[in-house]
>>> print(open('model20.tsv').read())   # TSV, C-alpha atoms
chain	number	residue	atom	x	y	z
V	796	MET	CA	0.00	0.00	0.00
V	797	ALA	CA	1.36	3.39	-0.96
V	798	ASP	CA	0.61	4.90	2.43
V	799	VAL	CA	3.40	7.40	3.01
V	800	ASN	CA	1.60	9.03	5.94
V	801	ARG	CA	1.60	5.93	8.16
V	802	GLY	CA	1.65	6.81	11.85
V	803	ASN	CA	1.04	10.53	11.30
V	804	ARG	CA	-2.68	10.54	10.58
V	805	PRO	CA	-5.63	11.60	12.68
V	806	LEU	CA	-6.90	8.41	14.35
V	807	SER	CA	-10.50	7.45	14.92
V	808	PRO	CA	-11.38	7.34	18.62
V	809	HIS	CA	-10.11	4.28	20.46
V	810	LEU	CA	-12.04	1.96	22.75
V	811	SER	CA	-10.92	3.82	25.86
V	812	ILE	CA	-12.97	6.97	25.15
V	813	TYR	CA	-16.29	5.17	24.81
V	814	ARG	CA	-18.57	4.63	27.78
V	815	PRO	CA	-18.84	0.87	28.39
V	816	GLN	CA	-22.18	-0.37	27.09
V	817	LEU	CA	-24.07	-3.61	27.59
V	818	THR	CA	-23.24	-4.71	24.06
V	819	SER	CA	-19.51	-3.99	24.33
V	820	VAL	CA	-19.15	-5.49	27.82
V	821	THR	CA	-21.04	-8.68	26.92
V	822	SER	CA	-18.88	-8.94	23.78
V	823	ILE	CA	-15.51	-8.80	25.55
V	824	LEU	CA	-16.84	-11.13	28.30
V	825	THR	CA	-17.45	-13.74	25.60
V	826	ARG	CA	-13.75	-13.72	24.75
V	827	ILE	CA	-12.63	-13.61	28.39
V	828	THR	CA	-14.87	-16.51	29.50
V	829	GLY	CA	-13.95	-18.64	26.46
V	830	ASN	CA	-10.23	-18.29	27.03
V	831	ALA	CA	-10.39	-18.50	30.83
V	832	LEU	CA	-12.10	-21.91	30.54
V	833	ILE	CA	-8.66	-23.37	29.73
V	834	LEU	CA	-7.95	-23.47	33.49
V	835	ALA	CA	-10.93	-25.68	34.34
V	836	ALA	CA	-10.33	-27.76	31.19
V	837	LEU	CA	-6.75	-28.56	32.22
V	838	LEU	CA	-7.87	-29.33	35.79
V	839	ILE	CA	-10.46	-31.79	34.40
V	840	VAL	CA	-7.87	-33.51	32.18
V	841	TRP	CA	-5.58	-33.79	35.22
V	842	TRP	CA	-8.49	-35.29	37.23
V	843	PHE	CA	-9.11	-37.91	34.50
V	844	LEU	CA	-5.39	-38.74	34.26
V	845	ALA	CA	-5.20	-39.16	38.05
V	846	ALA	CA	-8.29	-41.38	38.06
V	847	ALA	CA	-6.70	-43.55	35.36
V	848	THR	CA	-3.40	-43.79	37.25
V	849	SER	CA	-3.97	-44.81	40.88
V	850	PRO	CA	-6.29	-44.33	43.88
V	851	GLU	CA	-3.57	-42.28	45.62
V	852	TYR	CA	-3.07	-39.92	42.67
V	853	PHE	CA	-6.86	-39.60	42.27
V	854	ALA	CA	-7.17	-38.60	45.93
V	855	VAL	CA	-4.70	-35.75	45.30
V	856	ALA	CA	-6.36	-34.42	42.11
V	857	ASP	CA	-9.91	-34.89	43.42
V	858	GLY	CA	-8.85	-33.24	46.69
V	859	VAL	CA	-7.52	-30.17	44.85
V	860	ILE	CA	-10.56	-29.84	42.56
V	861	THR	CA	-13.06	-30.20	45.43
V	862	SER	CA	-11.14	-27.98	47.87
V	863	LEU	CA	-12.57	-24.56	48.69
V	864	LEU	CA	-10.39	-22.92	46.02
V	865	GLY	CA	-11.15	-25.75	43.59
V	866	ASP	CA	-14.89	-25.38	44.18
V	867	LEU	CA	-14.57	-21.65	43.57
V	868	VAL	CA	-12.67	-22.17	40.29
V	869	MET	CA	-15.11	-24.84	39.09
V	870	ALA	CA	-18.21	-22.79	40.04
V	871	ALA	CA	-16.80	-19.68	38.32
V	872	SER	CA	-15.91	-21.79	35.28
V	873	LEU	CA	-19.43	-23.24	35.21
V	874	TRP	CA	-20.76	-19.69	35.01
V	875	GLY	CA	-18.16	-18.91	32.33
V	876	LEU	CA	-19.23	-21.99	30.39
V	877	TRP	CA	-22.93	-21.07	30.46
V	878	TYR	CA	-22.14	-17.44	29.66
V	879	HIS	CA	-19.95	-18.45	26.69
V	880	THR	CA	-22.60	-20.93	25.55
V	881	LEU	CA	-25.42	-18.35	25.59
V	882	ALA	CA	-23.17	-15.73	23.99
V	883	GLY	CA	-22.31	-18.32	21.34
V	884	ILE	CA	-25.99	-18.87	20.60
V	885	ARG	CA	-26.29	-15.10	20.24
V	886	HIS	CA	-23.48	-15.18	17.66
V	887	LEU	CA	-25.22	-18.00	15.77
V	888	ILE	CA	-28.31	-15.78	15.59
V	889	TRP	CA	-26.28	-12.71	14.57
V	890	ASP	CA	-24.58	-14.74	11.83
V	891	TYR	CA	-27.93	-14.67	10.02
V	892	ALA	CA	-28.08	-10.88	10.38
V	893	LEU	CA	-30.97	-11.22	12.83
V	894	GLY	CA	-31.35	-9.23	16.04
V	895	LEU	CA	-28.69	-6.67	15.20
V	896	ASP	CA	-30.90	-3.62	15.85
V	897	LEU	CA	-30.11	-1.94	19.19
V	898	PRO	CA	-33.28	-2.81	21.17
V	899	THR	CA	-33.00	-6.51	20.23
V	900	ALA	CA	-29.22	-6.56	20.78
V	901	GLU	CA	-29.75	-5.10	24.27
V	902	LYS	CA	-32.42	-7.69	25.05
V	903	LEU	CA	-30.16	-10.50	23.84
V	904	GLY	CA	-27.37	-9.07	26.03
V	905	TRP	CA	-29.52	-9.17	29.15
V	906	ALA	CA	-30.74	-12.65	28.22
V	907	VAL	CA	-27.12	-13.83	28.09
V	908	VAL	CA	-26.19	-12.20	31.42
V	909	ILE	CA	-29.29	-13.23	33.39
V	910	GLY	CA	-29.54	-16.62	31.68
V	911	SER	CA	-25.95	-17.47	32.56
V	912	PHE	CA	-26.55	-16.90	36.29
V	913	VAL	CA	-29.88	-18.78	36.27
V	914	LEU	CA	-28.40	-21.77	34.42
V	915	THR	CA	-25.37	-21.81	36.76
V	916	LEU	CA	-27.64	-21.86	39.81
V	917	VAL	CA	-29.87	-24.60	38.34
V	918	THR	CA	-26.82	-26.70	37.38
V	919	LEU	CA	-25.28	-26.35	40.86
V	920	LEU	CA	-28.60	-27.40	42.43
V	921	VAL	CA	-28.81	-30.46	40.17
V	922	ILE	CA	-25.22	-31.75	40.35
V	923	ALA	CA	-23.94	-30.54	43.73
W	844	MET	CA	-9.60	-15.56	-23.51
W	845	ARG	CA	-9.19	-16.27	-19.79
W	846	TYR	CA	-10.12	-19.68	-18.53
W	847	LEU	CA	-9.75	-18.71	-14.84
W	848	THR	CA	-13.08	-18.34	-13.05
W	849	ASP	CA	-13.74	-15.51	-10.60
W	850	ARG	CA	-13.70	-18.01	-7.76
W	851	LYS	CA	-10.34	-19.45	-8.79
W	852	ARG	CA	-8.81	-15.98	-8.80
W	853	ALA	CA	-10.21	-15.26	-5.32
W	854	VAL	CA	-9.13	-18.48	-3.59
W	855	GLY	CA	-6.12	-17.99	-1.32
W	856	MET	CA	-6.39	-14.21	-1.40
W	857	GLY	CA	-7.65	-11.94	1.35
W	858	SER	CA	-6.00	-11.32	4.71
W	859	ALA	CA	-6.68	-14.81	6.03
W	860	LYS	CA	-5.51	-16.64	2.85
W	861	SER	CA	-8.03	-19.35	3.66
W	862	GLY	CA	-11.36	-17.60	3.20
W	863	VAL	CA	-13.90	-18.35	5.90
W	864	HIS	CA	-12.56	-21.84	6.69
W	865	HIS	CA	-11.45	-20.95	10.24
W	866	PHE	CA	-14.77	-19.23	10.96
W	867	TRP	CA	-16.79	-22.13	9.55
W	868	MET	CA	-14.87	-24.76	11.55
W	869	MET	CA	-15.43	-22.79	14.76
W	870	LYS	CA	-19.13	-22.59	13.95
W	871	VAL	CA	-19.33	-26.37	13.45
W	872	GLN	CA	-17.52	-26.90	16.77
W	873	ALA	CA	-19.80	-24.37	18.49
W	874	VAL	CA	-22.96	-26.18	17.39
W	875	ALA	CA	-21.48	-29.55	18.39
W	876	LEU	CA	-20.51	-28.18	21.80
W	877	LEU	CA	-24.01	-26.78	22.27
W	878	LEU	CA	-25.11	-30.41	22.62
W	879	LEU	CA	-21.92	-31.89	24.13
W	880	MET	CA	-21.28	-29.35	26.90
W	881	PRO	CA	-24.57	-29.82	28.80
W	882	LEU	CA	-24.23	-33.61	28.43
W	883	PHE	CA	-20.69	-33.41	29.81
W	884	VAL	CA	-21.60	-31.06	32.67
W	885	PHE	CA	-24.41	-33.32	33.87
W	886	THR	CA	-22.42	-36.57	33.53
W	887	PHE	CA	-18.98	-35.41	34.71
W	888	GLY	CA	-20.24	-32.93	37.34
W	889	PRO	CA	-21.85	-35.41	39.74
W	890	MET	CA	-18.66	-37.54	39.66
W	891	LEU	CA	-16.50	-34.80	41.22
W	892	GLY	CA	-15.67	-35.83	44.79
W	893	GLU	CA	-17.05	-39.35	44.36
W	894	PRO	CA	-14.97	-42.36	45.51
W	895	HIS	CA	-12.29	-43.57	43.07
W	896	GLN	CA	-14.01	-46.91	42.45
W	897	ALA	CA	-17.34	-45.23	41.61
W	898	VAL	CA	-15.60	-42.90	39.13
W	899	LEU	CA	-13.89	-45.86	37.41
W	900	GLU	CA	-17.16	-47.78	37.14
W	901	TYR	CA	-19.11	-44.75	35.87
W	902	PHE	CA	-16.64	-43.91	33.09
W	903	SER	CA	-16.46	-47.58	32.06
W	904	ARG	CA	-19.96	-47.11	30.72
W	905	PRO	CA	-20.13	-46.16	27.02
W	906	PHE	CA	-22.26	-43.02	27.23
W	907	PRO	CA	-20.34	-41.03	29.88
W	908	ALA	CA	-17.01	-42.12	28.38
W	909	ILE	CA	-17.92	-41.19	24.80
W	910	VAL	CA	-19.45	-37.86	25.87
W	911	ALA	CA	-16.32	-37.00	27.88
W	912	ALA	CA	-13.97	-38.00	25.04
W	913	LEU	CA	-15.92	-36.08	22.39
W	914	THR	CA	-16.23	-33.01	24.60
W	915	LEU	CA	-12.47	-32.92	25.22
W	916	VAL	CA	-11.57	-33.36	21.52
W	917	VAL	CA	-14.05	-30.80	20.16
W	918	GLY	CA	-13.62	-28.48	23.17
W	919	PHE	CA	-9.84	-28.27	22.95
W	920	LYS	CA	-9.96	-27.72	19.18
W	921	HIS	CA	-12.50	-24.95	19.74
W	922	PHE	CA	-10.19	-23.46	22.38
W	923	ALA	CA	-7.17	-23.64	20.06
W	924	ASP	CA	-9.05	-21.93	17.21
W	925	GLY	CA	-10.61	-19.28	19.47
W	926	ALA	CA	-7.39	-18.52	21.35
W	927	GLN	CA	-5.63	-18.17	17.99
W	928	VAL	CA	-8.10	-15.45	16.96
W	929	MET	CA	-7.52	-13.63	20.26
W	930	ILE	CA	-3.72	-13.81	19.83
W	931	GLU	CA	-4.02	-12.54	16.24
W	932	ASP	CA	-5.93	-9.51	17.56
W	933	TYR	CA	-3.55	-8.50	20.36
W	934	VAL	CA	-0.05	-9.84	19.55
W	935	HIS	CA	1.94	-9.22	16.39
W	936	GLY	CA	5.18	-10.31	14.76
W	937	LEU	CA	7.25	-13.29	15.86
W	938	MET	CA	5.63	-13.50	19.30
W	939	GLN	CA	2.23	-13.96	17.61
W	940	LYS	CA	3.46	-17.07	15.78
W	941	VAL	CA	5.18	-18.42	18.92
W	942	LEU	CA	2.03	-18.04	21.03
W	943	ILE	CA	-0.26	-19.55	18.37
W	944	ILE	CA	2.02	-22.61	18.09
W	945	LEU	CA	2.15	-22.95	21.89
W	946	VAL	CA	-1.64	-22.69	22.24
W	947	ILE	CA	-2.27	-25.28	19.51
W	948	CYS	CA	0.34	-27.69	20.95
W	949	LEU	CA	-1.07	-27.25	24.47
W	950	SER	CA	-4.59	-27.99	23.21
W	951	TYR	CA	-3.56	-31.13	21.33
W	952	ALA	CA	-1.46	-32.35	24.28
W	953	ALA	CA	-4.34	-31.83	26.71
W	954	ALA	CA	-6.83	-33.55	24.40
W	955	ALA	CA	-4.46	-36.52	23.92
W	956	THR	CA	-3.87	-36.81	27.68
W	957	GLY	CA	-7.61	-36.74	28.37
W	958	LEU	CA	-8.33	-39.34	25.67
W	959	PHE	CA	-5.60	-41.63	27.01
W	960	ALA	CA	-6.99	-41.37	30.54
W	961	ILE	CA	-10.59	-41.98	29.50
W	962	ALA	CA	-9.58	-44.94	27.29
W	963	ARG	CA	-7.61	-46.44	30.17
W	964	ILE	CA	-10.56	-46.06	32.54
W	965	ALA	CA	-13.16	-47.27	30.03
W	966	LEU	CA	-11.33	-50.31	28.68
>>> encode(input="model20.tsv", output="structure tokens")
Amino acid sequence: MADVNRGNRPLSPHLSIYRPQLTSVTSILTRITGNALILAALLIVWWFLAAATSPEYFAVADGVITSLLGDLVMAASLWGLWYHTLAGIRHLIWDYALGLDLPTAEKLGWAVVIGSFVLTLVTLLVIA
Amino acid sequence: MRYLTDRKRAVGMGSAKSGVHHFWMMKVQAVALLLLMPLFVFTFGPMLGEPHQAVLEYFSRPFPAIVAALTLVVGFKHFADGAQVMIEDYVHGLMQKVLIILVICLSYAAAATGLFAIARIAL
């Protein structure tokens, strides 16, 4: 590209000057939850490996995962998983250019946020 | 006269060089995980904190074992592809390539470890 003025142009406003909105916050949370789930995923793989190895090793891994800190990580990850799932459904809808107008986008945003907490609570009640 | 079609001239171009392949694969994984994740949560979840013997017996059954194996394979591939997109957005140059390779290798290693463990329990 014959852009001789690179780095010396007026820039469009960056993210930092915008007031956080429901749509922008729910968007970045999708990325954060999706990537943060690696922690729980690796813990689960470790738990399976320990179970396949020996009763002693399983006691260690299961002890860590069901400790207070482990419970906290797993509960937070469960919320992250439901949030990312609902946000993913929202993306599947958006892919068909549906629900992109502001009122609908805001409603979908609240549905993702509220739905994630409700589903987390229901899941904890069922499996815990 | 040109024998090249418009499509042929477009293939391999664009910033991604691979069209929408990455996007499409992530969409396939996402729809698969929509079914797999709840199945995994409600089969694996109750097993946390159970006695070792009960865990071994439970994951010897076909359904919980297959659900767990599929969820790990599709889930880690989805993570690798999604984390790659994040890295491409925020990191540039050599470090971008290094991180993408690390993330993909970590995902494959974790999926292989999980598959090995589940196979050993199930068989």
>>> atom_distance(input="model20.tsv", atom1="atom CA of Leu824 of chain V", atom2="atom CA of Leu837 of chain V")
20.5 Å
>>> closest_atom_pairs(input="model20.tsv", of="chain W", to="chain V", cutoff="10 Å", atoms="all atoms listed in the file", output="CSV")
residue,atom,partner,partner_atom,distance
W:Lys870,CA,V:Leu887,CA,7.8
W:Ala873,CA,V:Gly883,CA,7.1
W:Val874,CA,V:Ile884,CA,8.5
W:Leu876,CA,V:Thr880,CA,8.4
W:Leu877,CA,V:Thr880,CA,6.9
W:Met880,CA,V:Leu876,CA,8.4
W:Pro881,CA,V:Trp877,CA,9.1
W:Val884,CA,V:Thr918,CA,8.3
W:Phe885,CA,V:Ile922,CA,6.7
W:Thr886,CA,V:Ile922,CA,8.8
W:Phe887,CA,V:Ile922,CA,9.2
W:Gly888,CA,V:Ile922,CA,5.9
W:Pro889,CA,V:Ile922,CA,5.0
W:Met890,CA,V:Ile922,CA,8.8
W:Leu891,CA,V:Asp857,CA,6.9
W:Gly892,CA,V:Asp857,CA,6.0
W:Glu893,CA,V:Asp857,CA,8.5
W:Pro894,CA,V:Ala854,CA,8.7
W:His895,CA,V:Pro850,CA,6.1
W:Gln896,CA,V:Pro850,CA,8.3
W:Val898,CA,V:Ala846,CA,7.5
W:Leu899,CA,V:Ala846,CA,7.2
W:Phe902,CA,V:Phe843,CA,9.7
W:Ala911,CA,V:Phe843,CA,9.8
W:Leu915,CA,V:Ala836,CA,8.2
W:Gly918,CA,V:Ala836,CA,8.7
W:Phe919,CA,V:Ala836,CA,8.3
W:His921,CA,V:Gly829,CA,9.3
W:Phe922,CA,V:Asn830,CA,7.0
W:Ala923,CA,V:Asn830,CA,9.3
W:Gly925,CA,V:Asn830,CA,7.6
W:Ala926,CA,V:Asn830,CA,6.4
W:Val928,CA,V:Arg826,CA,9.8
W:Met929,CA,V:Arg826,CA,7.7
W:Leu949,CA,V:Leu837,CA,9.7
W:Ser950,CA,V:Ile833,CA,9.0
W:Ala953,CA,V:Val840,CA,6.7
W:Ala954,CA,V:Val840,CA,7.8
W:Ala955,CA,V:Val840,CA,9.4
W:Thr956,CA,V:Val840,CA,6.9
W:Gly957,CA,V:Val840,CA,5.0
W:Leu958,CA,V:Val840,CA,8.8
W:Phe959,CA,V:Leu844,CA,7.8
W:Ala960,CA,V:Leu844,CA,4.8
W:Ile961,CA,V:Phe843,CA,6.6
W:Ala962,CA,V:Ala847,CA,8.7
W:Arg963,CA,V:Ala847,CA,6.0
W:Ile964,CA,V:Ala847,CA,5.4
W:Ala965,CA,V:Ala847,CA,9.2
>>> closest_residue(input="model20.tsv", among="W:Ala853, W:Leu879, W:Ile944, W:Leu847", to="Leu913 of chain W", atoms="all atoms listed in the file")
W:Leu879
>>> atom_distance(input="model20.tsv", atom1="atom CA of Leu817 of chain V", atom2="atom CA of Tyr878 of chain V")
14.1 Å
>>> atom_distance(input="model20.tsv", atom1="atom CA of Gly875 of chain V", atom2="atom CA of Thr828 of chain V")
5.0 Å
>>> closest_residue(input="model20.tsv", among="V:Thr821, V:Ser872, V:Gln816, V:Ser811", to="Val908 of chain V", atoms="only C-alpha atoms")
V:Thr821
